[in-house]
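Student: Below you will find the structure I want to go over with you.
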Amino acid sequence: MLLSIDNVTKSYPGSGAGPVLRGVSLTLGAGETLALTGESGSGKSTLLHLAGALDRPDSGRIALDGTDYAGLDDTGRAALRRDRIALVFQQFNLVPSLTVAQNLSLHARLAGRHDPARLAALTERLGLSGLERRYPEQLSGGQQQRVAIGRALAARPRLLLADEPTGNLDETTGEAVLALMLELVAETGTALLLVTHSERIAARLSRRAHLSNGRIT
Ligand SMILES: Nc1ncnc2c1ncn2[C@@H]1O[C@H](COP(=O)(O)OP(=O)(O)OP(=O)(O)O)[C@@H](O)[C@H]1O
């Protein structure tokens, strides 16, 4: 099992509300794609952040490739994120002062896995050839998100976490970006955990889980 989430609980102290997650268990195998749905506020982003080692659960266990997050200090967690996990958000989160080519290679360089030939092939597949010297602000939303996906996958992560990755795109553009992302994760054997409000998008992935009242239903 690649990602293993076991009986995880999470509350936000001081929020006045009860726990957001009340014993969530979920597993994801290598190369599997799973859509996480649920009403607004049901805890989807919270669970994604925990899976990405961006936040810690109150209780329960999360492990990636057998590495228990609880056993990692901040440096260990940063290394895990750098080496094995990639994130794509609704906001494209590109570095505005870097060109498309520099954005694309950024995470692979940080992970020590920059491969110019592979990046050139990925750039072509993403339909970004000829745009390498542009800056993010000179791209359409769909192009920016394709850069974010390329940047994520160029680093060869084991797990891609995507939070409403097509949420800022019109339907046609979003559909094209999603199709490309699914093709690329299938080719590279990357596991995908994708948060979405859309039934239509969820149906495109191999598995789905629904969050309700702090539990997977
Ligand atoms: N940093 C935080 N501090 C306090 N409460 C928070 C924090 N982050 C999230 N919450 C609360 O936790 C609950 C779950 O939020 P979360 O963002 O995980 O939901 P979601 O299912 O992703 O929602 P949406 O679909 O609207 O993005 C919400 O009630 C939210 O207000």
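Lettering and numbering for the structure tokens are positional, with chains as A, B, ... in the shown order, residues counted from 1 in each chain, and ligands counted from 1 in the shown order.
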Residues of region 49-213 of chain A in helix (DSSP H, G or I) according to DSSP, as a ChimeraX atom specification?

Tutor: /A:49-51,69-71,74-84,100-110,116-125,136-138,141-154,171-188,199-202

Student: Extract, using only C-alpha atoms, all DNA, RNA and protein residues at most 12 Å from region 195-208 of chain A, discarding same-chain residues fewer than 4 positions from it, and format them as a count of residues only.

Tutor: 51

Student: What parts of region 52-105 of chain A does DSSP call strand (DSSP E)? I'd like the answer as a PyMOL selection string.

Tutor: chain A and resi 59-64+67-68+85-88

Student: Please produce an output containing C-alpha atoms for each residue in the selection, written as a PDB file, in the first residue's frame.

Tutor:
ATOM      1  CA  SER A  59      -4.643  10.930  16.548  1.00  0.00           C
ATOM      2  CA  GLY A  60      -4.394   8.060  14.112  1.00  0.00           C
ATOM      3  CA  ARG A  61      -1.648   7.030  11.747  1.00  0.00           C
ATOM      4  CA  ILE A  62      -0.609   8.191   8.286  1.00  0.00           C
ATOM      5  CA  ALA A  63       2.137   6.437   6.335  1.00  0.00           C
ATOM      6  CA  LEU A  64       3.547   6.683   2.829  1.00  0.00           C
ATOM      7  CA  THR A  67       7.115   5.705   6.437  1.00  0.00           C
ATOM      8  CA  ASP A  68       5.017   6.733   9.437  1.00  0.00           C
ATOM      9  CA  ILE A  85       4.697  14.044  -2.773  1.00  0.00           C
ATOM     10  CA  ALA A  86       3.478  16.702  -5.187  1.00  0.00           C
ATOM     11  CA  LEU A  87       0.629  19.150  -4.758  1.00  0.00           C
ATOM     12  CA  VAL A  88      -1.600  20.923  -7.232  1.00  0.00           C
TER      13      VAL A  88
END

Student: Residues of region 65-120 of chain A within 9 Å of region 124-146 of chain A: nearest atom pair and distance (Å, one decimal) for each, counting only C-alpha atoms, sorted by chain and number, as a Markdown table?

Tutor:
| residue | atom | partner | partner_atom | distance |
| --- | --- | --- | --- | --- |
| A:Val88 | CA | A:Gln145 | CA | 8.3 |
| A:Phe89 | CA | A:Gln145 | CA | 8.8 |
| A:Gln90 | CA | A:Gln145 | CA | 8.4 |
| A:Gln91 | CA | A:Gln145 | CA | 8.3 |
| A:Phe92 | CA | A:Gln145 | CA | 5.5 |
| A:Asn93 | CA | A:Gln145 | CA | 8.8 |
| A:Leu94 | CA | A:Pro136 | CA | 6.7 |
| A:Val95 | CA | A:Pro136 | CA | 7.5 |
| A:Pro96 | CA | A:Pro136 | CA | 5.7 |
| A:Ser97 | CA | A:Tyr135 | CA | 7.1 |
| A:Leu98 | CA | A:Tyr135 | CA | 6.3 |
| A:Thr99 | CA | A:Tyr135 | CA | 4.5 |
| A:Val100 | CA | A:Glu132 | CA | 4.8 |
| A:Ala101 | CA | A:Glu132 | CA | 4.7 |
| A:Gln102 | CA | A:Glu132 | CA | 8.1 |
| A:Asn103 | CA | A:Pro136 | CA | 8.8 |
| A:Leu104 | CA | A:Glu132 | CA | 8.8 |
| A:Leu119 | CA | A:Glu124 | CA | 8.5 |
| A:Ala120 | CA | A:Glu124 | CA | 6.3 |

Student: Keeping N, CA and C atoms for every residue in the selection just given, could you write it to a file as a CSV table (one decimal), in the first residue's frame?

Tutor:
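Generated output (again_21.csv):
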chain,number,residue,atom,x,y,z
A,88,VAL,N,-1.0,20.0,-6.3
A,88,VAL,CA,-1.6,20.9,-7.2
A,88,VAL,C,-2.9,21.5,-6.6
A,89,PHE,N,-3.0,22.8,-6.6
A,89,PHE,CA,-4.1,23.5,-6.0
A,89,PHE,C,-5.0,24.2,-7.0
A,90,GLN,N,-6.1,24.7,-6.5
A,90,GLN,CA,-7.0,25.4,-7.4
A,90,GLN,C,-6.3,26.7,-7.9
A,91,GLN,N,-5.6,27.4,-7.0
A,91,GLN,CA,-4.8,28.5,-7.4
A,91,GLN,C,-3.5,27.9,-7.9
A,92,PHE,N,-3.0,28.4,-9.0
A,92,PHE,CA,-2.0,27.6,-9.7
A,92,PHE,C,-0.6,27.7,-8.9
A,93,ASN,N,-0.4,28.7,-8.1
A,93,ASN,CA,0.7,28.8,-7.3
A,93,ASN,C,2.1,28.7,-8.0
A,94,LEU,N,2.1,29.3,-9.2
A,94,LEU,CA,3.4,29.3,-9.9
A,94,LEU,C,4.2,30.5,-9.3
A,95,VAL,N,5.5,30.4,-9.5
A,95,VAL,CA,6.4,31.5,-9.0
A,95,VAL,C,6.4,32.6,-10.1
A,96,PRO,N,5.8,33.8,-9.7
A,96,PRO,CA,5.6,34.8,-10.8
A,96,PRO,C,6.9,35.3,-11.4
A,97,SER,N,8.0,35.3,-10.6
A,97,SER,CA,9.3,35.9,-11.1
A,97,SER,C,10.1,34.9,-11.9
A,98,LEU,N,9.6,33.6,-12.1
A,98,LEU,CA,10.3,32.6,-12.8
A,98,LEU,C,9.6,32.3,-14.1
A,99,THR,N,10.3,32.0,-15.2
A,99,THR,CA,9.7,31.7,-16.5
A,99,THR,C,9.0,30.3,-16.4
A,100,VAL,N,8.3,30.0,-17.4
A,100,VAL,CA,7.6,28.7,-17.5
A,100,VAL,C,8.6,27.6,-17.4
A,101,ALA,N,9.8,27.7,-18.1
A,101,ALA,CA,10.8,26.6,-18.0
A,101,ALA,C,11.3,26.5,-16.6
A,102,GLN,N,11.6,27.6,-16.0
A,102,GLN,CA,12.1,27.6,-14.6
A,102,GLN,C,11.1,27.0,-13.6
A,103,ASN,N,9.8,27.4,-13.8
A,103,ASN,CA,8.8,26.9,-12.9
A,103,ASN,C,8.7,25.4,-13.1
A,104,LEU,N,8.7,24.9,-14.4
A,104,LEU,CA,8.6,23.5,-14.7
A,104,LEU,C,9.7,22.7,-14.0
A,119,LEU,N,12.0,16.6,-19.2
A,119,LEU,CA,11.2,17.8,-19.0
A,119,LEU,C,10.8,18.3,-20.4
A,120,ALA,N,11.7,18.1,-21.4
A,120,ALA,CA,11.3,18.6,-22.8
A,120,ALA,C,10.1,17.8,-23.3

Student: Using only C-alpha atoms, pick whichever of A:Gly71, A:Gly52, A:Pro157, A:Pro19 has the shortest atom-to-atom distance to His107 (chain A).

Tutor: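 For His107 (chain A), the nearest of the candidates is A:Pro157.
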
Student: Please provide the set of residues having any atom within 10 Å of Arg109 (chain A), restricted to only C-alpha atoms, with same-chain residues fewer than 5 positions apart removed, written as a PyMOL selection string.

Tutor: chain A and resi 82+102+104+114-115+154-155

Student: Fewer than 2 positions away in the same chain doesn't count, so skip those; otherwise give me all residues within 6 Å of Gly214 (chain A), counting only C-alpha atoms, as JSON, numbers by chain.

Tutor: {"A": [20, 21, 22, 212]}

Student: Measure the distance from CA of Ala121 (chain A) to CA of Gly189 (chain A) in Å and round it to one decimal.

Tutor: 16.7 Å

Student: I'd like the contact shell of Asp65 (chain A) - 10 Å cut-off, only C-alpha atoms, skipping same-chain residues fewer than 3 positions apart - returned as a list of chain:residue names.

Tutor: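 Near Asp65 (chain A), the qualifying residues are A:Met1, A:Leu2, A:Leu3, A:Ser4, A:Gly29, A:Ala30, A:Asp68, A:Arg84, A:Arg158.
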
Student: Using N, CA and C atoms, can you write the selected residues to a file as a compact mmCIF listing (two decimals), in the first residue's frame?

Tutor:
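Saved result, out-v5.txt, follows:
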# COMPACT_ATOMS: atom_id res chain seq x y z
N MET A 1 0.84 -1.21 0.00
CA MET A 1 0.00 0.00 0.00
C MET A 1 0.87 1.26 0.00
N LEU A 2 0.55 2.19 -0.89
CA LEU A 2 1.35 3.42 -0.96
C LEU A 2 1.00 4.37 0.19
N LEU A 3 -0.25 4.82 0.21
CA LEU A 3 -0.69 5.74 1.25
C LEU A 3 -1.65 5.01 2.16
N SER A 4 -1.40 5.12 3.45
CA SER A 4 -2.26 4.46 4.42
C SER A 4 -2.69 5.47 5.48
N GLY A 29 -3.35 2.62 -3.32
CA GLY A 29 -2.25 1.82 -3.85
C GLY A 29 -1.46 2.60 -4.87
N ALA A 30 -0.27 2.13 -5.19
CA ALA A 30 0.57 2.79 -6.20
C ALA A 30 -0.20 2.88 -7.51
N ASP A 68 6.03 6.16 8.55
CA ASP A 68 5.02 6.73 9.44
C ASP A 68 5.33 8.22 9.66
N ARG A 84 8.71 12.74 -2.42
CA ARG A 84 7.71 11.73 -2.77
C ARG A 84 6.31 12.26 -3.03
N ARG A 158 5.63 9.98 -5.93
CA ARG A 158 4.87 8.74 -5.81
C ARG A 158 3.38 9.06 -5.68

Student: Kindly give the distance, in Å, that separates atom 17 (O, counted along the ligand's line) of ligand 1 and CA of Ser25 (chain A), rounded to a single decimal.

Tutor: 18.0 Å

Student: Measure the distance from CA of Ser15 (chain A) to CA of His210 (chain A) in Å and round it to one decimal.

Tutor: 23.4 Å
